[in-house]
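Asker: My questions will all concern the structure given below.
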Amino acid sequence: MAHSPQEPSRRILGIDFYAGTPAGAVQRSLRGGLVVVPSAPVLVNATVEPATLAALLESDLALTDSGLMVLYWNLTRRDTLRRLSGLEYLKLLLAEPSVREPGALFWVMPNPAAIERNQAWLKTQGFPVDPDDFYPAPQYPSGFLDDPDLVAILRERKPRHIILAIGGGVQERLGLHLKRSLDYRPGIHGIGAAIGFLNGDQVHIPDWADRFFLGWLFRCFQSPGRFIPRYWNARVLIKILHKYGKNPPPPAHETGP
């Protein structure tokens, strides 16, 4: 992952995390490339899922969404790395005038119901809504992904921005597939559930809670059976960060395309 000399970064687990301002991250993403916003569970999964690790290492912009990672890094390195959440990033991206132009955005979403909710919200925000700019993601298998139908649609429509609003761990692998497969360079934004916090598909997270790393707590209150085990298991990230620091974890045994 390449950053220009003017773009501050921190290398953590082999990933060059962007360390500039939120506005700077958005301006960087407008130039195209794969944007990843890995949560703590995704970072943990990258140690056992080669395709996820490859996506993070080959990304063009990695954001510090994981509060656990940022807290541990700053405490152990005496650093002042800022957390930049996917929600904060998405709000700034959608405020850019260029993304409001017809055909600028293409959405990959988990199901038709999520698409319908998102279309309704986008209309209230003044975005042009074309049903052909939305794609319900199939149930992708593990490992490296291949979706020729989606690639064909994107090659024909050529949106400037592709929003991957699907689950963490899947969206990174899909983003890598699109980056490798498309014949042009759009912005590929793996923002996961962030749009759901805006359109009502997920629990509302106030700005102050997002700023103080408490988004995970709101999600646990909303769906404890789903999110408490997920975040509890992610505590192993501390051991991973302690073991590897700036270095990437060794890839698991799996071959990609």
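Please note that chains go A, B, ... in the order of the structure tokens, that every chain numbers its residues from 1, and that ligands are numbered from 1 in the order shown.
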According to DSSP computed on the backbone, where in range 85-196 of chain A is there strand (DSSP E)? Give the residues as a PyMOL selection string.

Answerer: chain A and resi 105-109+134-136+161-164+187-190

Asker: Find the spatial neighbours of range 139-148 of chain A, counting only C-alpha atoms, within a cut-off of 12 Å - ignore same-chain residues fewer than 3 positions away - and output them as a ChimeraX atom specification.

Answerer: /A:45-46,48-55,108-111,135-136,151-155,166-167,169-182,252-257

Asker: As a PyMOL selection string, please: the residues near Glu101 in chain A (cut-off 8 Å, only C-alpha atoms, same-chain neighbours under 3 positions excluded).

Answerer: chain A and resi 97-98+104+127-128

Asker: For C-alpha atoms, I'd like the residues from the last selection saved as a short mmCIF file (atom, residue, chain, number, x, y, z; two decimals), in the first residue's frame.

Answerer:
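The result, written out as part-v8.cif:
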```cif
data_model
loop_
_atom_site.label_atom_id
_atom_site.label_comp_id
_atom_site.auth_asym_id
_atom_site.auth_seq_id
_atom_site.Cartn_x
_atom_site.Cartn_y
_atom_site.Cartn_z
CA PRO A 97 -20.74 17.40 -4.17
CA SER A 98 -19.24 15.07 -6.77
CA ALA A 104 -21.48 8.53 -9.31
CA PHE A 127 -29.38 11.95 -3.84
CA PRO A 128 -30.44 10.77 -7.31
#
```

Asker: Determine, counting only C-alpha atoms, which protein, DNA and RNA residues have an atom within 12 Å of an atom of Pro112 in chain A; residues of the same chain fewer than 5 positions away are not included. Present the result as a ChimeraX atom specification.

Answerer: /A:107,117-119,131,134-138

Asker: Please provide as an MDAnalysis selection string all residues within 10 Å of Ala62 in chain A, with the sequence filter that same-chain residues fewer than 4 positions apart are discarded (counting only C-alpha atoms).

Answerer: chainID A and resid 1 9 15:19 25 34:38 56:58 84 190

Asker: Would you save the residues from that selection as a PDB file, in the first residue's frame, using C-alpha atoms?

Answerer:
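What landed in part-v2.pdb:
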```
ATOM      1  CA  MET A   1       0.000   0.000   0.000  1.00  0.00           C
ATOM      2  CA  SER A   9       0.652   6.861   8.292  1.00  0.00           C
ATOM      3  CA  ILE A  15      -0.871  -2.273   7.068  1.00  0.00           C
ATOM      4  CA  ASP A  16      -0.154   1.409   6.461  1.00  0.00           C
ATOM      5  CA  PHE A  17      -2.993   3.023   8.379  1.00  0.00           C
ATOM      6  CA  TYR A  18      -3.783   6.592   7.386  1.00  0.00           C
ATOM      7  CA  ALA A  19      -2.919   9.003  10.205  1.00  0.00           C
ATOM      8  CA  ALA A  25      -8.775  10.765   3.997  1.00  0.00           C
ATOM      9  CA  LEU A  34      -9.480   0.379  -2.356  1.00  0.00           C
ATOM     10  CA  VAL A  35     -10.485   1.862   1.010  1.00  0.00           C
ATOM     11  CA  VAL A  36     -10.679  -0.539   3.962  1.00  0.00           C
ATOM     12  CA  VAL A  37     -12.032   0.213   7.421  1.00  0.00           C
ATOM     13  CA  PRO A  38     -11.134  -2.918   9.392  1.00  0.00           C
ATOM     14  CA  LEU A  56      -5.744  -5.137   3.879  1.00  0.00           C
ATOM     15  CA  LEU A  57      -2.141  -5.221   2.670  1.00  0.00           C
ATOM     16  CA  GLU A  58      -3.093  -4.296  -0.913  1.00  0.00           C
ATOM     17  CA  LEU A  84     -11.080   7.533  12.186  1.00  0.00           C
ATOM     18  CA  GLY A 190     -15.618  -0.967   2.274  1.00  0.00           C
TER      19      GLY A 190
END
```

Asker: Figure out the distance between CA of Ala193 in chain A and CA of Gly86 in chain A, please, to one decimal in Å.

Answerer: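 Distance between the two atoms: 8.6 Å.
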
Asker: CA of Thr80 in chain A and CA of Arg10 in chain A, how far apart in Å?

Answerer: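 Result for CA of Arg10 in chain A versus CA of Thr80 in chain A: 10.6 Å, one decimal.
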
Asker: Give me, as an NGL selection string, all polymer residues having an atom no more than 9 Å from Val129 in chain A, counting only C-alpha atoms and skipping those fewer than 6 positions away in the same chain.

Answerer: :A and (102-103 or 119-120 or 122-123)

Asker: Store the residues of this selection in a file with N, CA and C atoms, as a PDB file, in the first residue's frame.

Answerer:
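So the final result, stored in result-v2.pdb, reads:
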```pdb
ATOM      1  N   PRO A 102     -25.568  12.103 -10.808  1.00  0.00           N
ATOM      2  CA  PRO A 102     -26.175  10.844 -11.259  1.00  0.00           C
ATOM      3  C   PRO A 102     -25.119   9.840 -11.731  1.00  0.00           C
ATOM      4  N   GLY A 103     -25.233   8.613 -11.253  1.00  0.00           N
ATOM      5  CA  GLY A 103     -24.311   7.562 -11.656  1.00  0.00           C
ATOM      6  C   GLY A 103     -22.991   7.541 -10.939  1.00  0.00           C
ATOM      7  N   GLN A 119     -32.372   3.221  -0.408  1.00  0.00           N
ATOM      8  CA  GLN A 119     -32.903   4.073  -1.461  1.00  0.00           C
ATOM      9  C   GLN A 119     -33.836   5.134  -0.883  1.00  0.00           C
ATOM     10  N   ALA A 120     -34.689   4.732   0.044  1.00  0.00           N
ATOM     11  CA  ALA A 120     -35.621   5.683   0.658  1.00  0.00           C
ATOM     12  C   ALA A 120     -34.862   6.780   1.399  1.00  0.00           C
ATOM     13  N   LEU A 122     -31.682   7.764   0.896  1.00  0.00           N
ATOM     14  CA  LEU A 122     -30.938   8.593  -0.057  1.00  0.00           C
ATOM     15  C   LEU A 122     -31.848   9.639  -0.697  1.00  0.00           C
ATOM     16  N   LYS A 123     -33.080   9.264  -0.993  1.00  0.00           N
ATOM     17  CA  LYS A 123     -34.024  10.223  -1.578  1.00  0.00           C
ATOM     18  C   LYS A 123     -34.290  11.372  -0.613  1.00  0.00           C
TER      19      LYS A 123
END
```

Asker: Under the rule that only C-alpha atoms are counted, which of A:Leu71, A:Ala114, A:Leu13, A:Leu30 is the nearest residue to Ile188 in chain A?

Answerer: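 Closest residue, counting only C-alpha atoms: A:Leu30.
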
Asker: For His161 in chain A, which of A:Val26, A:Val99, A:Val236, A:Val42 is the closest residue, counting only C-alpha atoms?

Answerer: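 Going through A:Val26, A:Val99, A:Val236, A:Val42 one by one, the smallest distance to His161 in chain A is for A:Val99.
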
Asker: Check the DSSP output for the backbone and give back, as an MDAnalysis selection string, the residues of range 103-214 of chain A in alpha helix (DSSP H).

Answerer: chainID A and resid 112:124 148:157 171:181 194:199 207:211

Asker: Let me make sure I understand: among A:Gly126, A:Pro41, A:Pro186, A:Gly168, which one has the smallest atom-to-atom distance to Ser29 in chain A if we use only C-alpha atoms?

Answerer: A:Pro186

Asker: Would you mind telling me which residue in A:Asp132, A:Glu7, A:Asp79, A:Asp149 lies nearest to Gln27 in chain A when using only C-alpha atoms?

Answerer: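 Smallest distance to Gln27 in chain A is found for A:Glu7.
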
Asker: Enter the distance from CA of Asn247 in chain A to CA of Gly14 in chain A, in Å, rounded to one decimal.

Answerer: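 If I compute the distance from CA of Asn247 in chain A to CA of Gly14 in chain A, I get 4.6 Å.
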